[in-house]
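*Asks:* Supplied structure: model_36.csv, CSV, C-alpha atoms.
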```
chain,number,residue,atom,x,y,z
A,1363,MET,CA,119.9,112.1,68.4
A,1364,GLU,CA,117.7,112.8,65.4
A,1365,GLU,CA,118.7,109.6,63.7
A,1366,LEU,CA,118.0,107.6,66.9
A,1367,LYS,CA,114.6,109.3,67.2
A,1368,LYS,CA,113.8,108.5,63.5
A,1369,LYS,CA,114.8,104.9,64.1
A,1370,ILE,CA,112.6,104.4,67.1
A,1371,THR,CA,109.7,106.1,65.4
A,1372,GLN,CA,110.1,103.8,62.4
A,1373,LYS,CA,110.2,100.7,64.6
A,1374,ILE,CA,107.1,101.6,66.6
A,1375,THR,CA,105.0,102.6,63.6
A,1376,ASP,CA,106.0,99.4,61.9
A,1377,HIS,CA,104.7,97.3,64.8
A,1378,PHE,CA,101.7,99.4,65.8
A,1379,ALA,CA,99.6,100.7,63.0
A,1380,ASP,CA,97.6,103.1,65.1
A,1381,ALA,CA,100.5,104.9,66.6
A,1382,ALA,CA,100.5,108.5,65.6
A,1383,VAL,CA,103.7,110.5,66.1
A,1384,LYS,CA,103.9,113.9,67.6
A,1385,LYS,CA,107.1,115.9,67.1
A,1386,TYR,CA,108.9,117.7,69.9
A,1387,GLU,CA,112.3,119.2,70.4
A,1388,GLY,CA,114.8,117.5,72.7
A,1389,ASN,CA,115.3,114.0,73.8
A,1390,ARG,CA,111.8,112.8,73.6
A,1391,VAL,CA,109.6,110.9,71.2
A,1392,ASP,CA,105.8,111.0,71.5
A,1393,PHE,CA,103.2,108.5,70.3
A,1394,THR,CA,99.5,108.6,70.6
A,1395,VAL,CA,97.7,105.3,70.6
A,1396,LYS,CA,94.3,103.7,71.3
A,1397,LYS,CA,93.8,102.6,74.8
A,1398,GLU,CA,93.7,98.9,73.9
A,1399,THR,CA,97.2,99.1,72.5
A,1400,ILE,CA,98.8,100.4,75.7
A,1401,PRO,CA,99.9,97.2,77.4
A,1402,ALA,CA,101.2,95.8,74.1
A,1403,ILE,CA,103.2,98.9,73.2
A,1404,LEU,CA,104.7,99.3,76.7
A,1405,PHE,CA,105.6,95.6,76.8
A,1406,PHE,CA,107.2,96.0,73.4
A,1407,LEU,CA,109.2,99.1,74.5
A,1408,LYS,CA,110.4,97.3,77.7
A,1409,ASP,CA,111.2,93.9,76.2
A,1410,GLU,CA,112.4,94.6,72.7
A,1411,MET,CA,113.8,98.1,72.8
A,1412,GLY,CA,115.3,98.4,76.3
A,1413,TYR,CA,113.0,101.1,77.7
A,1414,ASN,CA,112.9,99.4,81.0
A,1415,HIS,CA,112.4,102.3,83.3
A,1416,LEU,CA,108.9,103.7,83.9
A,1417,SER,CA,109.4,107.3,84.9
A,1418,HIS,CA,105.8,108.3,85.4
A,1419,ILE,CA,102.2,107.9,84.6
A,1420,SER,CA,100.5,111.3,84.2
A,1421,CYS,CA,96.9,112.2,83.7
A,1422,VAL,CA,95.2,115.2,82.1
A,1423,ASP,CA,91.6,116.1,82.4
A,1424,TRP,CA,90.2,117.4,79.0
A,1425,LEU,CA,86.8,118.5,80.3
A,1426,GLU,CA,85.7,120.1,77.1
A,1427,GLU,CA,86.4,117.0,75.1
A,1428,LYS,CA,84.9,114.7,77.7
A,1429,GLU,CA,88.1,112.7,77.9
A,1430,PHE,CA,91.0,111.9,80.2
A,1431,GLU,CA,94.5,111.7,78.7
A,1432,LEU,CA,96.9,109.2,80.2
A,1433,ILE,CA,100.6,109.7,79.5
A,1434,TYR,CA,103.1,106.9,80.2
A,1435,ILE,CA,106.7,108.1,80.3
A,1436,VAL,CA,109.4,105.5,79.8
A,1437,TRP,CA,113.2,105.9,79.8
A,1438,SER,CA,116.1,104.0,78.3
A,1439,TYR,CA,119.4,103.9,80.1
A,1440,THR,CA,121.3,103.1,76.8
A,1441,ASP,CA,119.6,105.5,74.5
A,1442,HIS,CA,119.1,108.4,77.0
A,1443,LEU,CA,115.8,109.1,75.5
A,1444,LYS,CA,112.3,109.4,76.8
A,1445,VAL,CA,109.3,107.9,75.1
A,1446,PHE,CA,105.9,109.4,75.9
A,1447,VAL,CA,102.9,107.2,75.1
A,1448,HIS,CA,99.6,109.2,75.1
A,1449,THR,CA,96.2,107.7,75.1
A,1450,ARG,CA,92.6,109.0,75.6
A,1451,VAL,CA,90.0,107.4,77.9
A,1452,ASP,CA,86.3,108.3,77.9
A,1453,ARG,CA,85.4,110.5,80.8
A,1454,GLU,CA,82.0,109.1,81.6
A,1455,ASN,CA,83.0,105.5,81.7
A,1456,ALA,CA,86.7,105.8,82.7
A,1457,VAL,CA,88.1,102.3,82.5
A,1458,MET,CA,91.8,101.5,81.7
A,1459,ASP,CA,94.0,98.4,81.5
A,1460,ASN,CA,96.2,97.8,84.5
A,1461,ILE,CA,99.9,97.6,83.7
A,1462,ASP,CA,101.4,96.7,87.1
A,1463,MET,CA,102.4,93.3,85.9
A,1464,ILE,CA,104.8,95.0,83.5
A,1465,TRP,CA,106.2,97.4,86.0
A,1466,ARG,CA,105.4,96.9,89.7
A,1467,GLN,CA,105.9,100.5,90.5
A,1468,ALA,CA,103.0,101.4,88.1
A,1469,ASN,CA,100.7,100.3,91.0
A,1470,THR,CA,101.5,103.5,93.0
A,1471,TYR,CA,100.7,105.8,90.1
A,1472,GLU,CA,97.6,104.0,89.2
A,1473,ARG,CA,96.3,104.1,92.7
A,1474,GLU,CA,96.9,107.8,92.9
A,1475,ILE,CA,95.2,108.4,89.5
A,1476,LYS,CA,92.3,106.3,90.6
A,1477,GLU,CA,91.8,108.4,93.7
A,1478,MET,CA,92.5,111.8,92.2
A,1479,TYR,CA,90.7,111.4,88.9
A,1480,GLY,CA,88.4,108.4,89.4
A,1481,ILE,CA,89.8,106.3,86.5
A,1482,HIS,CA,89.1,102.6,87.2
A,1483,PHE,CA,92.1,100.3,86.5
A,1484,GLU,CA,90.9,96.7,85.9
A,1485,GLY,CA,92.4,94.1,88.3
A,1486,LEU,CA,94.4,96.7,90.3
A,1487,GLU,CA,96.1,95.2,93.3
A,1488,ALA,CA,95.5,96.9,96.7
A,1489,PRO,CA,92.6,99.1,95.5
A,1490,GLU,CA,91.9,100.5,99.0
A,1491,GLU,CA,92.4,104.2,99.9
A,1492,PHE,CA,95.9,105.6,99.3
A,1493,LEU,CA,96.3,109.3,99.8
A,1494,LEU,CA,92.9,110.5,100.7
A,1495,GLU,CA,91.3,109.2,103.9
A,1496,ASP,CA,87.5,108.7,104.1
A,1497,TRP,CA,86.9,110.8,100.9
A,1498,GLU,CA,83.3,110.6,99.7
A,1499,ASP,CA,83.1,113.6,97.3
A,1500,MET,CA,84.1,113.7,93.6
A,1501,PRO,CA,87.7,112.9,92.9
A,1502,PRO,CA,89.4,116.2,93.7
A,1503,MET,CA,91.7,116.6,90.7
A,1504,ARG,CA,88.9,116.6,88.2
A,1505,ARG,CA,88.5,120.0,86.7
A,1506,ASP,CA,84.7,120.2,87.4
A,1507,PHE,CA,85.5,119.8,91.2
A,1508,ASP,CA,85.4,123.3,92.7
A,1509,THR,CA,88.0,123.3,95.4
A,1510,HIS,CA,87.4,126.8,96.6
A,1511,ALA,CA,83.7,126.1,97.1
A,1512,TYR,CA,84.4,122.8,98.8
A,1513,ALA,CA,87.0,124.4,101.1
A,1514,ARG,CA,84.5,127.2,102.1
A,1515,LYS,CA,81.8,124.6,102.8
A,1516,THR,CA,84.0,122.2,104.8
A,1517,PHE,CA,86.6,124.3,106.6
A,1518,TRP,CA,85.8,127.1,108.9
A,1519,ASP,CA,87.4,130.4,108.1
A,1520,ARG,CA,87.9,133.5,110.2
A,1521,GLN,CA,86.2,135.7,107.7
A,1522,GLU,CA,85.7,136.0,103.9
A,1523,ALA,CA,88.6,138.5,103.4
A,1524,ARG,CA,90.4,141.0,105.4
A,1525,SER,CA,89.3,144.6,105.0
A,1526,ASP,CA,92.7,145.6,103.6
A,1527,ALA,CA,92.7,142.8,101.1
A,1528,GLN,CA,89.7,144.0,99.1
A,1529,ASP,CA,89.9,144.4,95.3
A,1530,VAL,CA,91.1,147.9,94.6
A,1531,ARG,CA,90.7,147.7,90.9
A,1532,GLU,CA,87.1,149.1,90.8
A,1533,THR,CA,88.1,152.1,92.9
A,1534,ILE,CA,91.0,152.8,90.6
A,1535,THR,CA,88.9,152.5,87.4
A,1536,LYS,CA,86.3,154.8,88.8
A,1537,ARG,CA,89.0,157.4,89.4
A,1538,THR,CA,90.6,157.1,86.1
A,1539,GLY,CA,87.7,156.2,83.9
A,1540,GLU,CA,89.3,153.0,82.5
A,1541,GLU,CA,87.4,149.8,82.0
A,1542,ILE,CA,88.3,146.5,83.5
A,1543,PRO,CA,88.9,143.9,80.7
A,1544,ASP,CA,86.8,140.8,80.8
A,1545,VAL,CA,89.8,138.6,81.4
A,1546,ALA,CA,90.6,140.5,84.6
A,1547,LYS,CA,86.9,140.5,85.8
A,1548,LYS,CA,87.0,136.8,86.1
A,1549,TYR,CA,89.8,137.0,88.7
A,1550,SER,CA,88.4,140.0,90.7
A,1551,ARG,CA,86.9,139.3,94.0
B,374,MET,CA,102.7,129.6,159.6
B,375,ILE,CA,102.1,131.5,156.4
B,376,ASN,CA,98.7,131.3,154.8
B,377,ASP,CA,98.0,128.9,152.0
B,378,LYS,CA,97.3,131.4,149.3
B,379,VAL,CA,100.7,133.1,149.8
B,380,SER,CA,102.6,129.9,149.9
B,381,GLN,CA,100.8,128.7,146.7
B,382,LYS,CA,101.7,131.9,145.0
B,383,ILE,CA,105.4,131.5,145.9
B,384,VAL,CA,105.3,127.9,144.7
B,385,ASP,CA,103.7,129.0,141.4
B,386,ILE,CA,106.3,131.6,140.8
B,387,ILE,CA,109.1,129.1,141.3
B,388,GLN,CA,107.3,126.5,139.2
B,389,ASN,CA,106.6,128.9,136.3
B,390,TYR,CA,110.2,130.1,136.4
B,391,ALA,CA,111.5,126.6,136.1
B,392,ARG,CA,109.0,125.7,133.4
B,393,LYS,CA,109.7,128.7,131.2
B,394,HIS,CA,113.4,127.9,131.1
B,395,SER,CA,113.1,124.3,130.0
B,396,LEU,CA,110.8,124.2,127.0
B,397,TRP,CA,111.2,120.9,125.3
B,398,VAL,CA,109.9,121.2,121.8
B,399,LEU,CA,108.2,118.5,119.7
B,400,ALA,CA,108.4,120.0,116.2
B,401,TYR,CA,105.6,118.6,114.1
B,402,GLY,CA,107.2,119.4,110.8
B,403,THR,CA,104.6,119.5,108.1
B,404,GLY,CA,105.2,121.6,105.1
B,405,CYS,CA,107.9,124.1,104.6
B,406,GLY,CA,108.1,125.4,108.2
B,407,ALA,CA,110.3,122.6,109.3
B,408,ILE,CA,113.2,124.2,107.3
B,409,GLU,CA,113.3,127.1,109.8
B,410,ILE,CA,113.8,124.9,112.8
B,411,PRO,CA,117.4,123.8,112.1
B,412,PRO,CA,118.8,127.3,111.9
B,413,THR,CA,116.9,128.3,115.0
B,414,MET,CA,118.3,125.4,117.0
B,415,THR,CA,121.9,125.5,115.7
B,416,SER,CA,124.7,127.8,116.6
B,417,ARG,CA,123.8,130.9,114.7
B,418,TYR,CA,120.5,131.6,116.5
B,419,ASP,CA,121.0,129.0,119.3
B,420,ALA,CA,117.6,128.6,120.8
B,421,GLU,CA,119.0,126.5,123.5
B,422,ARG,CA,120.2,129.5,125.4
B,423,LEU,CA,116.5,130.1,126.1
B,424,GLY,CA,116.1,126.5,127.3
B,425,VAL,CA,114.5,125.5,124.1
B,426,ARG,CA,115.5,122.1,122.8
B,427,GLY,CA,114.1,119.2,120.9
B,428,ALA,CA,112.3,116.3,122.5
B,429,ALA,CA,112.1,112.8,121.1
B,430,THR,CA,108.6,111.8,121.9
B,431,PRO,CA,105.3,113.5,122.7
B,432,ARG,CA,105.4,112.2,126.3
B,433,GLN,CA,108.7,114.0,127.0
B,434,ALA,CA,107.7,117.3,125.3
B,435,ASP,CA,106.2,120.5,126.7
B,436,VAL,CA,105.7,122.5,123.5
B,437,LEU,CA,104.0,121.3,120.3
B,438,LEU,CA,105.3,123.3,117.5
B,439,ILE,CA,103.1,123.0,114.4
B,440,THR,CA,105.1,124.3,111.5
B,441,GLY,CA,102.9,124.8,108.6
B,442,TYR,CA,99.6,123.6,107.1
B,443,LEU,CA,97.7,120.7,108.5
B,444,THR,CA,95.6,118.4,106.3
B,445,THR,CA,92.7,116.5,107.7
B,446,LYS,CA,94.9,113.5,107.6
B,447,THR,CA,97.7,115.0,109.6
B,448,LEU,CA,95.2,116.7,112.0
B,449,LYS,CA,94.3,113.3,113.3
B,450,ARG,CA,97.9,112.5,114.1
B,451,VAL,CA,98.4,115.9,115.7
B,452,ILE,CA,95.3,115.4,118.0
B,453,ARG,CA,96.7,112.0,119.1
B,454,VAL,CA,100.1,113.6,119.7
B,455,TYR,CA,98.7,116.6,121.6
B,456,GLU,CA,96.5,114.4,123.9
B,457,GLN,CA,99.4,112.1,124.7
B,458,MET,CA,101.6,115.0,125.9
B,459,GLN,CA,101.6,115.5,129.6
B,460,ASP,CA,100.8,118.7,131.5
B,461,PRO,CA,102.1,121.4,131.4
B,462,LYS,CA,101.8,121.6,127.6
B,463,TYR,CA,101.7,124.4,125.1
B,464,VAL,CA,101.0,124.8,121.4
B,465,ILE,CA,102.7,127.2,119.1
B,466,GLY,CA,101.1,127.8,115.7
B,467,PHE,CA,103.8,128.6,113.2
B,468,GLY,CA,103.3,130.4,109.9
B,469,SER,CA,100.2,131.8,108.3
B,470,CYS,CA,98.9,128.4,107.2
B,471,THR,CA,97.9,127.7,110.8
B,472,ILE,CA,96.3,131.1,111.2
B,473,ASN,CA,94.0,131.4,108.2
B,474,GLY,CA,95.1,128.8,105.7
B,475,GLY,CA,97.7,130.9,104.1
B,476,MET,CA,98.4,130.0,100.5
B,477,TYR,CA,96.3,126.8,101.0
B,478,PHE,CA,93.1,128.8,101.5
B,479,ASP,CA,91.3,126.9,98.7
B,480,SER,CA,92.7,123.5,99.2
B,481,TYR,CA,90.3,120.6,99.5
B,482,ASN,CA,92.0,119.0,102.5
B,483,THR,CA,93.8,121.6,104.7
B,484,ILE,CA,92.2,123.2,107.7
B,485,LYS,CA,92.3,127.0,107.9
B,486,ALA,CA,92.3,127.9,111.6
B,487,LEU,CA,94.2,125.8,114.0
B,488,ASP,CA,92.8,127.2,117.2
B,489,ARG,CA,89.4,125.8,116.3
B,490,TYR,CA,90.8,122.3,116.7
B,491,LEU,CA,93.6,122.7,119.3
B,492,PRO,CA,94.2,125.4,121.9
B,493,VAL,CA,97.0,127.6,120.6
B,494,ASP,CA,99.0,129.7,123.1
B,495,VAL,CA,101.1,131.6,120.7
B,496,TYR,CA,100.9,132.3,117.0
B,497,ILE,CA,103.9,133.2,115.0
B,498,ASN,CA,102.9,134.8,111.7
B,499,GLY,CA,104.9,135.0,108.5
B,500,CYS,CA,105.3,132.8,105.5
B,501,MET,CA,107.7,131.6,106.6
B,502,PRO,CA,108.7,133.3,109.9
B,503,ARG,CA,112.4,133.8,110.2
B,504,PRO,CA,114.4,132.4,113.1
B,505,GLU,CA,114.3,135.8,114.8
B,506,ALA,CA,110.5,135.6,114.8
B,507,VAL,CA,110.5,132.1,116.1
B,508,LEU,CA,112.7,133.2,119.0
B,509,GLU,CA,110.4,136.1,119.7
B,510,GLY,CA,107.5,133.6,119.7
B,511,PHE,CA,109.3,131.5,122.3
B,512,ALA,CA,110.1,134.6,124.4
B,513,LYS,CA,106.4,135.6,124.3
B,514,LEU,CA,105.5,132.1,125.4
B,515,GLN,CA,107.9,132.4,128.3
B,516,GLU,CA,106.3,135.6,129.3
B,517,LEU,CA,102.9,134.0,129.3
B,518,ILE,CA,104.1,131.1,131.3
B,519,GLN,CA,105.7,133.3,133.9
B,520,ALA,CA,102.4,135.3,134.2
B,521,GLY,CA,100.5,132.0,134.4
B,522,LYS,CA,98.4,132.8,131.3
B,523,ALA,CA,99.5,130.0,129.0
B,524,ASP,CA,96.6,127.8,130.0
B,525,GLY,CA,95.8,126.2,126.7
B,526,SER,CA,95.6,122.6,128.1
B,527,LYS,CA,93.2,123.7,130.8
B,528,LYS,CA,91.0,125.4,128.2
B,529,TYR,CA,91.1,122.2,126.2
B,530,LYS,CA,89.9,120.1,129.1
B,531,GLU,CA,87.2,122.5,130.0
B,532,ASN,CA,85.9,122.9,126.4
B,533,LEU,CA,86.6,119.4,125.2
B,534,GLU,CA,83.1,119.0,123.8
B,535,TRP,CA,83.4,122.1,121.6
B,536,TYR,CA,86.9,121.1,120.4
B,537,ARG,CA,85.7,117.5,119.7
B,538,ALA,CA,82.7,118.7,117.8
B,539,ASN,CA,84.9,120.9,115.6
B,540,GLN,CA,87.4,118.1,115.1
B,541,LYS,CA,84.6,115.7,114.1
B,542,GLU,CA,83.3,118.2,111.6
B,543,VAL,CA,86.4,117.7,109.4
B,544,ILE,CA,87.2,114.1,110.4
B,545,PRO,CA,84.0,112.3,109.6
B,546,VAL,CA,85.2,108.8,110.5
B,547,TRP,CA,86.5,108.9,114.0
B,548,ARG,CA,88.7,105.9,114.7
B,549,MET,CA,90.5,107.3,117.7
B,550,PRO,CA,89.7,106.9,121.4
B,551,GLU,CA,87.5,109.6,122.9
B,552,PHE,CA,90.0,110.4,125.6
B,553,ASN,CA,93.7,109.8,125.6
B,554,TRP,CA,94.6,110.9,129.1
```
Mind turning this structure into structure tokens?
*Replies:*
Amino acid sequence: MEELKKKITQKITDHFADAAVKKYEGNRVDFTVKKETIPAILFFLKDEMGYNHLSHISCVDWLEEKEFELIYIVWSYTDHLKVFVHTRVDRENAVMDNIDMIWRQANTYEREIKEMYGIHFEGLEAPEEFLLEDWEDMPPMRRDFDTHAYARKTFWDRQEARSDAQDVRETITKRTGEEIPDVAKKYSR
Amino acid sequence: MINDKVSQKIVDIIQNYARKHSLWVLAYGTGCGAIEIPPTMTSRYDAERLGVRGAATPRQADVLLITGYLTTKTLKRVIRVYEQMQDPKYVIGFGSCTINGGMYFDSYNTIKALDRYLPVDVYINGCMPRPEAVLEGFAKLQELIQAGKADGSKKYKENLEWYRANQKEVIPVWRMPEFNW
């Protein structure tokens, strides 16, 4: 397994100079590349190395770094190994290359990511609404979208909280003289 | 010649007796609640001894069983389904998601209180309710029907404006007909 991983790492870094390797345990190999390299590296993995199954396209919102991370996961039926290709996209102007000509099923993931994170994929087929119907607010999976506030504003609720579901921590601390740590204060109602 | 009121009452009693023993259920299986329906229907709990059985289409059904959370997207379909059902019709809200949102209280697309959008005759609480609780809910519905108190569809017709206004609050683009019956 380790030899195979080393071989694949060697082959990728030979072809793509900007591919940085990240080491993990298990049957996975991770590369981080620039976003312009993504179609080339995925095409290379599929055509030359036999990684012809696209498992998933995942997205992570790095709010503090003002970036989105896109992760393409591909799988080889002969090597039994996953290759993760990471890339970063600017959060303000989130534009990404479309890869649904390499794998047709990428279209579904890209449409979902477009709706949930607001990343624009250039030349995406069928760009109309997919999961959300008539959504006008900010894409809901972004981390600066406050789902609780939105739900309170939009959906009528019986009452704020039941009388027997109040936070009992303050009462307990008064009785015992303890202090609530800052971490816990964040979660208290 | 007996007087009209008395004869009407006798007819009602017979009608309600017949209705409560043939509840054909349209299970709208959203979320995890649908998993409790097969054990309720099959031999261990055997809901059919109460006259409860599945119906294939909304037009053949008497009870709309909403098992779990409803998103704004599925609420549209449920409204269409409910309005296509023929009288007498009843709604059972199943699980805490239909009562107050349950574990989806802070979700961006699930409604919290079902009775604001559709008239609910019986709520079964629990997350999830066990088949015993489901059977008790049906027994309660039968009681209400026999007493003539399960009048959700009448309420819906009388207060249609209020229900429609609430529905349109969460469904901004209304692409459905105003009346389905």
*Asks:* Taking all atoms listed in the file into account, which residues of chain B are within 6 Å of chain A, as number ranges by chain?
*Replies:* B: 479, 481, 484-485
*Asks:* Quick one: pull the distance between atom CA of Val425 of chain B and atom CA of Thr445 of chain B, Å, one decimal.
*Replies:*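 According to the coordinates, atom CA of Val425 of chain B and atom CA of Thr445 of chain B are separated by 28.7 Å.
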*Asks:* What's the separation between atom CA of Glu1431 of chain A and atom CA of Lys1384 of chain A, in Å to one decimal place?
*Replies:*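 About the pair atom CA of Glu1431 of chain A and atom CA of Lys1384 of chain A: they are 14.7 Å apart.
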*Asks:* Quick one: everything within 12 Å of segment 1455-1463 of chain A, counting all atoms listed in the file, minus sequence neighbours fewer than 4 positions away in the same chain. Send it as number ranges by chain.
*Replies:* A: 1396-1405, 1416, 1419, 1423, 1428-1432, 1434, 1449-1451, 1467-1473, 1475-1476, 1479-1489
*Asks:* Please fill the gaps in segment 1481-1493 of chain A so it has N, CA and C atoms, and write that as a CSV table (one decimal), keeping the file's coordinate frame.
*Replies:*
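Final output, saved to out-v3.csv:
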```
chain,number,residue,atom,x,y,z
A,1481,ILE,N,89.7,107.2,87.6
A,1481,ILE,CA,89.8,106.3,86.5
A,1481,ILE,C,89.9,104.9,87.2
A,1482,HIS,N,89.1,103.9,86.7
A,1482,HIS,CA,89.1,102.6,87.2
A,1482,HIS,C,90.1,101.7,86.5
A,1483,PHE,N,91.1,101.2,87.2
A,1483,PHE,CA,92.1,100.3,86.5
A,1483,PHE,C,91.6,98.8,86.8
A,1484,GLU,N,91.5,98.0,85.7
A,1484,GLU,CA,90.9,96.7,85.9
A,1484,GLU,C,92.0,95.8,86.6
A,1485,GLY,N,91.6,95.1,87.6
A,1485,GLY,CA,92.4,94.1,88.3
A,1485,GLY,C,93.6,94.8,89.1
A,1486,LEU,N,93.3,96.0,89.6
A,1486,LEU,CA,94.4,96.7,90.3
A,1486,LEU,C,94.6,96.1,91.7
A,1487,GLU,N,95.8,95.8,92.0
A,1487,GLU,CA,96.1,95.2,93.3
A,1487,GLU,C,96.0,96.3,94.4
A,1488,ALA,N,95.6,96.0,95.6
A,1488,ALA,CA,95.5,96.9,96.7
A,1488,ALA,C,94.7,98.1,96.3
A,1489,PRO,N,93.4,98.0,96.0
A,1489,PRO,CA,92.6,99.1,95.5
A,1489,PRO,C,92.1,100.0,96.7
A,1490,GLU,N,92.4,99.7,97.9
A,1490,GLU,CA,91.9,100.5,99.0
A,1490,GLU,C,92.5,101.9,99.0
A,1491,GLU,N,92.0,102.8,99.9
A,1491,GLU,CA,92.4,104.2,99.9
A,1491,GLU,C,93.9,104.4,100.0
A,1492,PHE,N,94.4,105.4,99.4
A,1492,PHE,CA,95.9,105.6,99.3
A,1492,PHE,C,96.3,106.9,99.9
A,1493,LEU,N,95.9,108.0,99.3
A,1493,LEU,CA,96.3,109.3,99.8
A,1493,LEU,C,95.2,110.0,100.6
```
